[in-house]
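> Could you have a look at this structure, given as structure tokens, before my questions?
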Amino acid sequence: MDQALASGAKAAVKPIISFRNISKRWGSAVGVDNVSLDIEPGEFFALLGPSGCGKTTLLRILAGLEVPTEGHVLIDGQDMGDIPPNKRAVNMVFQSYAVFPHMTVADNVAYGLKIDGVPQPERDRRVQEALDLVQLGQLAARMPDQLSGGQRQRVALARALVKKPKVLLLDEPLSALDAKLREAMRFELSQLQQKVGITFIMVTHDQNEALAIASRIAVMNKGLIAQLGTPSDLYEFPASRFVADFIGSVNMFEGQLIDDKPDEATVACPDLDPHHIHVPHAVLGQEKSPVWVAIRPEKMNLHKDADAPPSVPECPAAHNVARGEIKEISYLGDISIFHVLLANGRLIRISRSNRSRFDQDNFGWGEKVWVSWAGSSPVVLQG
Amino acid sequence: MALRPAPLEYNRLWQMRLWLFAVFFFLYAPLVALIAFSFNDSKRNTVWRGFTLDYYVKLFHDQDLMIAFGNSLTIALMATVISLVIGALAAVLLWRYNFMGKAVVEGAFTLPIVVPEICMGVAMLLFFTRVLPWPNNLIWPLSLGSITIAHVSFCFPFVALVVRARLASFNKEQEEAARDLGANDWQAFRDVLMPHIRPALIAGGLLAFTLSLDDFVITFFTSGPDTITFPVKVYSMLRFSVTPEVNAASTMLILVTIMLMVLMMVMQSRAPKSK
């Protein structure tokens with residue numbers, strides 16, 4: 001993997017997976033709409049999006065379980081065309097795990113090798129290896145109905161990995177697990193990927209999951225890729241309202257671009273009181289054009305009520321502040337979320353981490369406050 | 001003192017217990033009497049005269065009855081095999097594919113279950129005399145063909161229903177997983193779908209077998225003079241007098257049916273649950 005990254009820095013790495021203008025339609029319903037996407041070897045790639053966005057369809061097209069209406073899929077440079085799923089060098093972990101209920105754990109894992117005609121001694125060795133890899137070595141003789149959900153998932157993982165695919169596909173791998181186990185498995189999945197060193201492609205609707213595991217994410221919406229980037233790219237520099245809203249939580253303000261200079265810009269937002277938001281960079285939009293300002297809850301500050309608005313460094317006075325009232329406080333332990341009602345009726349979310357066991361500020365319900373944010377916090381979106 | 005029954009503890013109300021007893025009595029007393037009197041050492045069926053196995057011995061020496069029994073078993077076996085193939089195929093096709101008029105086809109499959117047996121019998125009689133006269137000089141067991149076909153017509157919908165119900169719980173991702181792991185269509189069918197529907201095939205097969213074995217009405221209309229089945233033979237014995245021999249024959253039929261049903265239940269309870 002390191003090698004792949006090192007050479008990638010110099011020249012473009014040959015992609016292991018290429019989607020070329022893939023479309024999938026059922027009658028008039030569009031599942032995937034002319035998607036092109038390259039995935040590099042060694043990546044932990046996530047297709048993220050709400051249900052019905054086409055992410056699972058794209059994965060199934062790659063596996064050969066679905067035939068694209070248009071376009072080509074290339075695996076390691078080879079056009080898959082009409083090649084059926086059993087002849088493709090990718091293996092899949094299904095959402096339901098699809099462990100064969102009438103076979104033991106070992107037989108499940110051995111199935112793919114048996115079909116391929118791998119001789120017995122080698123088969124046994126590889127099955128044991130794969131089971132050890134997912135820490136199921138002791139349970140080889142069990143039947144699936146004697147396993148927990150997490151163990152069944154490991155069987156599915158071992159069963160796919162034992163075939164040494166070029167790419168491992170994971171369809172909502174963690175959605176069937178309970179919350180605690182899900183967190184633990186996130187970590188394990190990325191450990192596993194580093195250990196086996198092959199490309200993993202995961203489909204998920206859970207943005208936390210994607211942010212936590214993936215090295216690169218394609219956010220999909222309505223059959224299109226809305227944005228492609230690293231987790232922090234998507235979170236800190238969303239390209240559209242959809243992405244800003246879908247990844248994490250966000251306070252979105254509609255406004256008008258009233259000043260756009262090369263090194264600073266100002267947006268007027270009627271939702272805020274006072275109205276102005278200042279950003280220390282150009283927006284490169286038309287003056288007076290409608291824009292949206294997205295600010296993450298953790299990038300906003302609360303101030304005790306005073307007559308004068310708090311001053312924000314490197315911002316003109318009465319910019320990047322707003323007056324409001326705390327409507328509700330959700331205490332979540334590590335953080336608290338404050339729901340603040342702004343003067344003109346907009347409700348926003350502000351989160352504060354509870355770093356001390358004794359909160360000095362001690363904000364209370366119904367308290368009048370000022371909200372402020374640094375000039376670098378807002379993301380100005382034009383679509 | 002016994003506690004007052006809780007609101008839903010109906011089984012502790014004496015009225016309910018009486019009702020339950022009455023139901024069981026009227027359901028099983030005739031059967032118990034039938035079996036008991038098959039051991040009665042008397043030509044008449046009315047008075048108990050002592051225990052004997054004579055009538056069972058007589059039964060096994062009754063050439064006609066044994067031929068009828070052999071016919072019944074042969075017909076049941078052939079009808080079961082054919083019903084299994086047709087029923088399972090119908091179920092899999094209806095489950096897997098969508099096509100125009102699918103609902104109509106599904107309805108048509110269950111028609112033989114709901115159509116009154118007497119109508120089926122008359123229809124079969126007309127069919128095999130007018131439309132497709134079954135030659136009556138064929139060698140055994142081809143001579144049983146018309147009865148077998150008639151039996152298949154009402155047995156295979158049961159197989160299809162049972163298999164269909166089982167298929168509803170099949171996780172299609174399992175078949176896809178098999179394909180993904182390298183299996184072709186046939187291998188995926190053999191290794192994943194077949195094991196899943198196996199208990200339904202066993203249950204459906206045994207159901208078809210017992211239905212065919214003790215069918216009287218439809219068989220009565222389709223059997224010829226040389227193709228008497230066991231139930232039809234018992235009926236003809238009954239026309240002369242109700243002797244303990246009839247009781248013994250009926251007891252044998254009950255015994256075979258119960259054994260098959262128990263076998264079916266055991267096999268079904270062993271089916272692995274699909275996840």
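We label chains A, B, ... in the order they appear in the structure tokens, count residues from 1 in each chain, and number ligands from 1 in the order shown.
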Tell me the residues of chain A close to chain B, meaning within 7 Å using only C-alpha atoms, as a CSV table (one decimal) with N, CA and C atoms, in the first residue's frame.


chain,number,residue,atom,x,y,z
A,85,PRO,N,-20.8,-12.7,-12.7
A,85,PRO,CA,-20.2,-12.4,-11.4
A,85,PRO,C,-19.2,-13.5,-10.9
A,86,ASN,N,-19.4,-14.8,-11.4
A,86,ASN,CA,-18.5,-15.8,-10.9
A,86,ASN,C,-17.2,-15.8,-11.6
A,87,LYS,N,-17.0,-14.9,-12.6
A,87,LYS,CA,-15.7,-14.9,-13.3
A,87,LYS,C,-15.0,-13.5,-13.0
A,91,ASN,N,-15.0,-9.9,-4.7
A,91,ASN,CA,-15.9,-10.6,-3.9
A,91,ASN,C,-16.6,-9.7,-2.9
A,92,MET,N,-17.8,-10.1,-2.5
A,92,MET,CA,-18.7,-9.2,-1.9
A,92,MET,C,-19.1,-9.7,-0.5
A,94,PHE,N,-22.2,-9.3,1.8
A,94,PHE,CA,-23.6,-8.8,1.6
A,94,PHE,C,-24.2,-8.2,2.8
A,98,ALA,N,-25.6,-13.2,4.2
A,98,ALA,CA,-25.9,-14.3,3.3
A,98,ALA,C,-25.0,-15.5,3.6
A,99,VAL,N,-24.7,-15.8,4.8
A,99,VAL,CA,-24.0,-17.0,5.2
A,99,VAL,C,-24.9,-18.2,4.9
A,100,PHE,N,-24.3,-19.2,4.3
A,100,PHE,CA,-25.2,-20.4,3.9
A,100,PHE,C,-25.5,-21.1,5.2
A,101,PRO,N,-26.9,-21.2,5.5
A,101,PRO,CA,-27.3,-21.7,6.8
A,101,PRO,C,-27.1,-23.2,7.0
A,102,HIS,N,-26.9,-23.9,5.9
A,102,HIS,CA,-26.8,-25.4,6.0
A,102,HIS,C,-25.4,-25.9,5.9
A,112,GLY,N,-16.2,-21.1,-2.0
A,112,GLY,CA,-15.6,-20.5,-3.2
A,112,GLY,C,-14.4,-21.3,-3.7
A,115,ILE,N,-15.6,-24.6,-5.4
A,115,ILE,CA,-16.1,-24.4,-6.7
A,115,ILE,C,-15.0,-24.2,-7.7
A,116,ASP,N,-13.9,-23.5,-7.2
A,116,ASP,CA,-12.8,-23.2,-8.1
A,116,ASP,C,-11.9,-24.5,-8.3

> Where does DSSP see strand (DSSP E or B) in region 17-53 of chain A, if you list the residues as a VMD selection string?

chain A and resid 17 to 26 29 to 39 44 to 48

> Quick one: everything within 9 Å of Thr219 (chain B), counting only C-alpha atoms, minus sequence neighbours fewer than 2 positions away in the same chain. Send it as a PDB file with C-alpha atoms, in the first residue's frame.


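What ended up in result.pdb:
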ATOM      1  CA  GLY B 121     -63.993 -36.911 -10.181  1.00  0.00           C
ATOM      2  CA  ILE B 147     -55.570 -42.592 -11.901  1.00  0.00           C
ATOM      3  CA  ALA B 150     -55.861 -37.590 -11.834  1.00  0.00           C
ATOM      4  CA  HIS B 151     -53.949 -37.763  -8.560  1.00  0.00           C
ATOM      5  CA  SER B 212     -52.977 -39.890  -3.109  1.00  0.00           C
ATOM      6  CA  ASP B 215     -58.105 -40.583  -1.990  1.00  0.00           C
ATOM      7  CA  PHE B 216     -61.440 -42.172  -2.670  1.00  0.00           C
ATOM      8  CA  VAL B 217     -63.764 -39.875  -4.597  1.00  0.00           C
ATOM      9  CA  PHE B 221     -64.465 -42.260 -10.890  1.00  0.00           C
ATOM     10  CA  THR B 222     -61.210 -43.008 -12.670  1.00  0.00           C
ATOM     11  CA  SER B 223     -60.496 -46.591 -11.631  1.00  0.00           C
ATOM     12  CA  ILE B 228     -58.915 -51.032  -7.889  1.00  0.00           C
ATOM     13  CA  THR B 229     -57.152 -49.063  -5.187  1.00  0.00           C
ATOM     14  CA  PRO B 231     -59.809 -47.195  -0.432  1.00  0.00           C
ATOM     15  CA  VAL B 232     -62.064 -48.214  -3.298  1.00  0.00           C
TER      16      VAL B 232
END

> Give me the residues near region 34-39 of chain B as an mmCIF file with N, CA and C atoms, in the first residue's frame, where near means some atom within 7 Å (using only C-alpha atoms) and where sequence neighbours in that chain fewer than 2 positions away do not count.


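That gives us result.cif:
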data_model
loop_
_atom_site.group_PDB
_atom_site.id
_atom_site.type_symbol
_atom_site.label_atom_id
_atom_site.label_comp_id
_atom_site.auth_asym_id
_atom_site.auth_seq_id
_atom_site.Cartn_x
_atom_site.Cartn_y
_atom_site.Cartn_z
ATOM 1 N N PRO B 30 -64.680 -42.458 17.451
ATOM 2 C CA PRO B 30 -64.968 -43.361 16.338
ATOM 3 C C PRO B 30 -63.723 -44.092 15.850
ATOM 4 N N LEU B 31 -62.607 -43.373 15.811
ATOM 5 C CA LEU B 31 -61.377 -44.003 15.339
ATOM 6 C C LEU B 31 -60.923 -45.087 16.305
ATOM 7 N N VAL B 32 -61.007 -44.753 17.604
ATOM 8 C CA VAL B 32 -60.590 -45.721 18.615
ATOM 9 C C VAL B 32 -61.479 -46.964 18.517
ATOM 10 N N ASP B 41 -63.179 -60.669 18.137
ATOM 11 C CA ASP B 41 -63.324 -62.052 17.697
ATOM 12 C C ASP B 41 -64.791 -62.362 17.400
ATOM 13 N N ASN B 45 -69.995 -56.628 14.222
ATOM 14 C CA ASN B 45 -69.145 -55.580 14.757
ATOM 15 C C ASN B 45 -69.675 -54.984 16.055
ATOM 16 N N PHE B 51 -60.291 -60.868 22.117
ATOM 17 C CA PHE B 51 -59.213 -60.377 21.264
ATOM 18 C C PHE B 51 -58.764 -61.420 20.251
ATOM 19 N N THR B 52 -58.550 -60.939 19.011
ATOM 20 C CA THR B 52 -57.988 -61.850 18.003
ATOM 21 C C THR B 52 -57.246 -61.054 16.931
ATOM 22 N N LEU B 53 -56.274 -61.691 16.298
ATOM 23 C CA LEU B 53 -55.570 -61.072 15.171
ATOM 24 C C LEU B 53 -55.983 -61.732 13.864
ATOM 25 N N PRO B 244 -65.168 -57.112 10.714
ATOM 26 C CA PRO B 244 -63.910 -56.647 11.319
ATOM 27 C C PRO B 244 -62.774 -56.580 10.302
ATOM 28 N N GLU B 245 -62.915 -57.293 9.215
ATOM 29 C CA GLU B 245 -61.888 -57.231 8.175
ATOM 30 C C GLU B 245 -61.782 -55.812 7.609
ATOM 31 N N ASN B 247 -62.548 -53.173 9.264
ATOM 32 C CA ASN B 247 -61.886 -52.426 10.338
ATOM 33 C C ASN B 247 -60.377 -52.590 10.259
ATOM 34 N N ALA B 248 -59.952 -53.827 10.081
ATOM 35 C CA ALA B 248 -58.514 -54.104 10.048
ATOM 36 C C ALA B 248 -57.867 -53.375 8.879
ATOM 37 N N THR B 251 -57.639 -49.754 9.643
ATOM 38 C CA THR B 251 -56.590 -49.513 10.626
ATOM 39 C C THR B 251 -55.220 -49.466 9.957
#

> Please measure the separation of CA of Val267 (chain A) and CA of Leu381 (chain A), giving the value in Å to one decimal.

11.0 Å

> Within 12 Å of Leu260 (chain B), counting only C-alpha atoms, which residues show up once you throw out same-chain ones fewer than 5 positions away? Write them as an MDAnalysis selection string, please.

chainID B and resid 202:211 213 253:255 265:267

> Using only C-alpha atoms, determine which residues lie at most 10 Å from Met78 (chain B), disregarding the query and same-chain residues fewer than 6 positions distant; provide the list as a compact mmCIF listing (two decimals) with N, CA and C atoms, in the first residue's frame.


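See part.txt below for the written result:
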# COMPACT_ATOMS: atom_id res chain seq x y z
N LEU B 84 -43.96 -33.69 -7.30
CA LEU B 84 -42.79 -32.98 -6.77
C LEU B 84 -42.10 -32.18 -7.86
N PRO B 141 -47.45 -51.14 -14.60
CA PRO B 141 -48.32 -50.17 -13.94
C PRO B 141 -48.87 -49.10 -14.87
N LEU B 144 -52.34 -47.98 -14.60
CA LEU B 144 -52.73 -47.06 -13.52
C LEU B 144 -52.56 -45.61 -13.94
N GLY B 145 -52.19 -45.39 -15.21
CA GLY B 145 -51.86 -44.05 -15.69
C GLY B 145 -52.94 -43.02 -15.47
N THR B 148 -53.20 -42.10 -11.89
CA THR B 148 -52.02 -41.33 -11.49
C THR B 148 -52.12 -39.88 -11.96
N ILE B 149 -52.52 -39.71 -13.21
CA ILE B 149 -52.66 -38.35 -13.75
C ILE B 149 -53.70 -37.57 -12.93
N HIS B 151 -54.52 -38.07 -9.88
CA HIS B 151 -53.95 -37.76 -8.56
C HIS B 151 -52.95 -36.62 -8.63
N VAL B 152 -52.13 -36.62 -9.68
CA VAL B 152 -51.16 -35.54 -9.83
C VAL B 152 -51.88 -34.20 -9.88
N PHE B 209 -48.14 -37.87 -1.11
CA PHE B 209 -48.23 -39.33 -0.98
C PHE B 209 -49.47 -39.73 -0.17
N SER B 212 -52.73 -38.94 -2.03
CA SER B 212 -52.98 -39.89 -3.11
C SER B 212 -53.38 -41.25 -2.55

> In Å, how far is it from CA of Lys14 (chain A) to CA of Gln207 (chain A)?

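Here the two named atoms are 28.0 Å from each other.
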
> Need the shell around region 188-194 of chain A: protein/DNA/RNA residues with any atom at most 9 Å away, counting only C-alpha atoms. Skip same-chain ones fewer than 4 positions apart. Format as a ChimeraX atom specification?

/A:1,42-44,133-134,183-184,198-200,213-214

> Taking C-alpha atoms for each residue, export the selection above as an mmCIF file, in the first residue's frame.


data_model
loop_
_atom_site.group_PDB
_atom_site.id
_atom_site.type_symbol
_atom_site.label_atom_id
_atom_site.label_comp_id
_atom_site.auth_asym_id
_atom_site.auth_seq_id
_atom_site.Cartn_x
_atom_site.Cartn_y
_atom_site.Cartn_z
ATOM 1 C CA MET A 1 0.000 0.000 0.000
ATOM 2 C CA GLY A 42 -5.124 -0.046 -1.810
ATOM 3 C CA GLU A 43 -7.862 2.472 -1.155
ATOM 4 C CA PHE A 44 -10.595 2.042 1.402
ATOM 5 C CA LEU A 133 -7.535 -13.509 9.969
ATOM 6 C CA VAL A 134 -11.043 -12.675 11.204
ATOM 7 C CA GLU A 183 -17.851 1.070 16.577
ATOM 8 C CA ALA A 184 -15.496 -1.818 17.301
ATOM 9 C CA ILE A 198 -6.311 -5.028 -1.063
ATOM 10 C CA THR A 199 -8.806 -2.402 -2.146
ATOM 11 C CA PHE A 200 -12.019 -2.257 -0.123
ATOM 12 C CA ILE A 213 -13.117 4.201 7.953
ATOM 13 C CA ALA A 214 -12.753 5.402 4.398
#
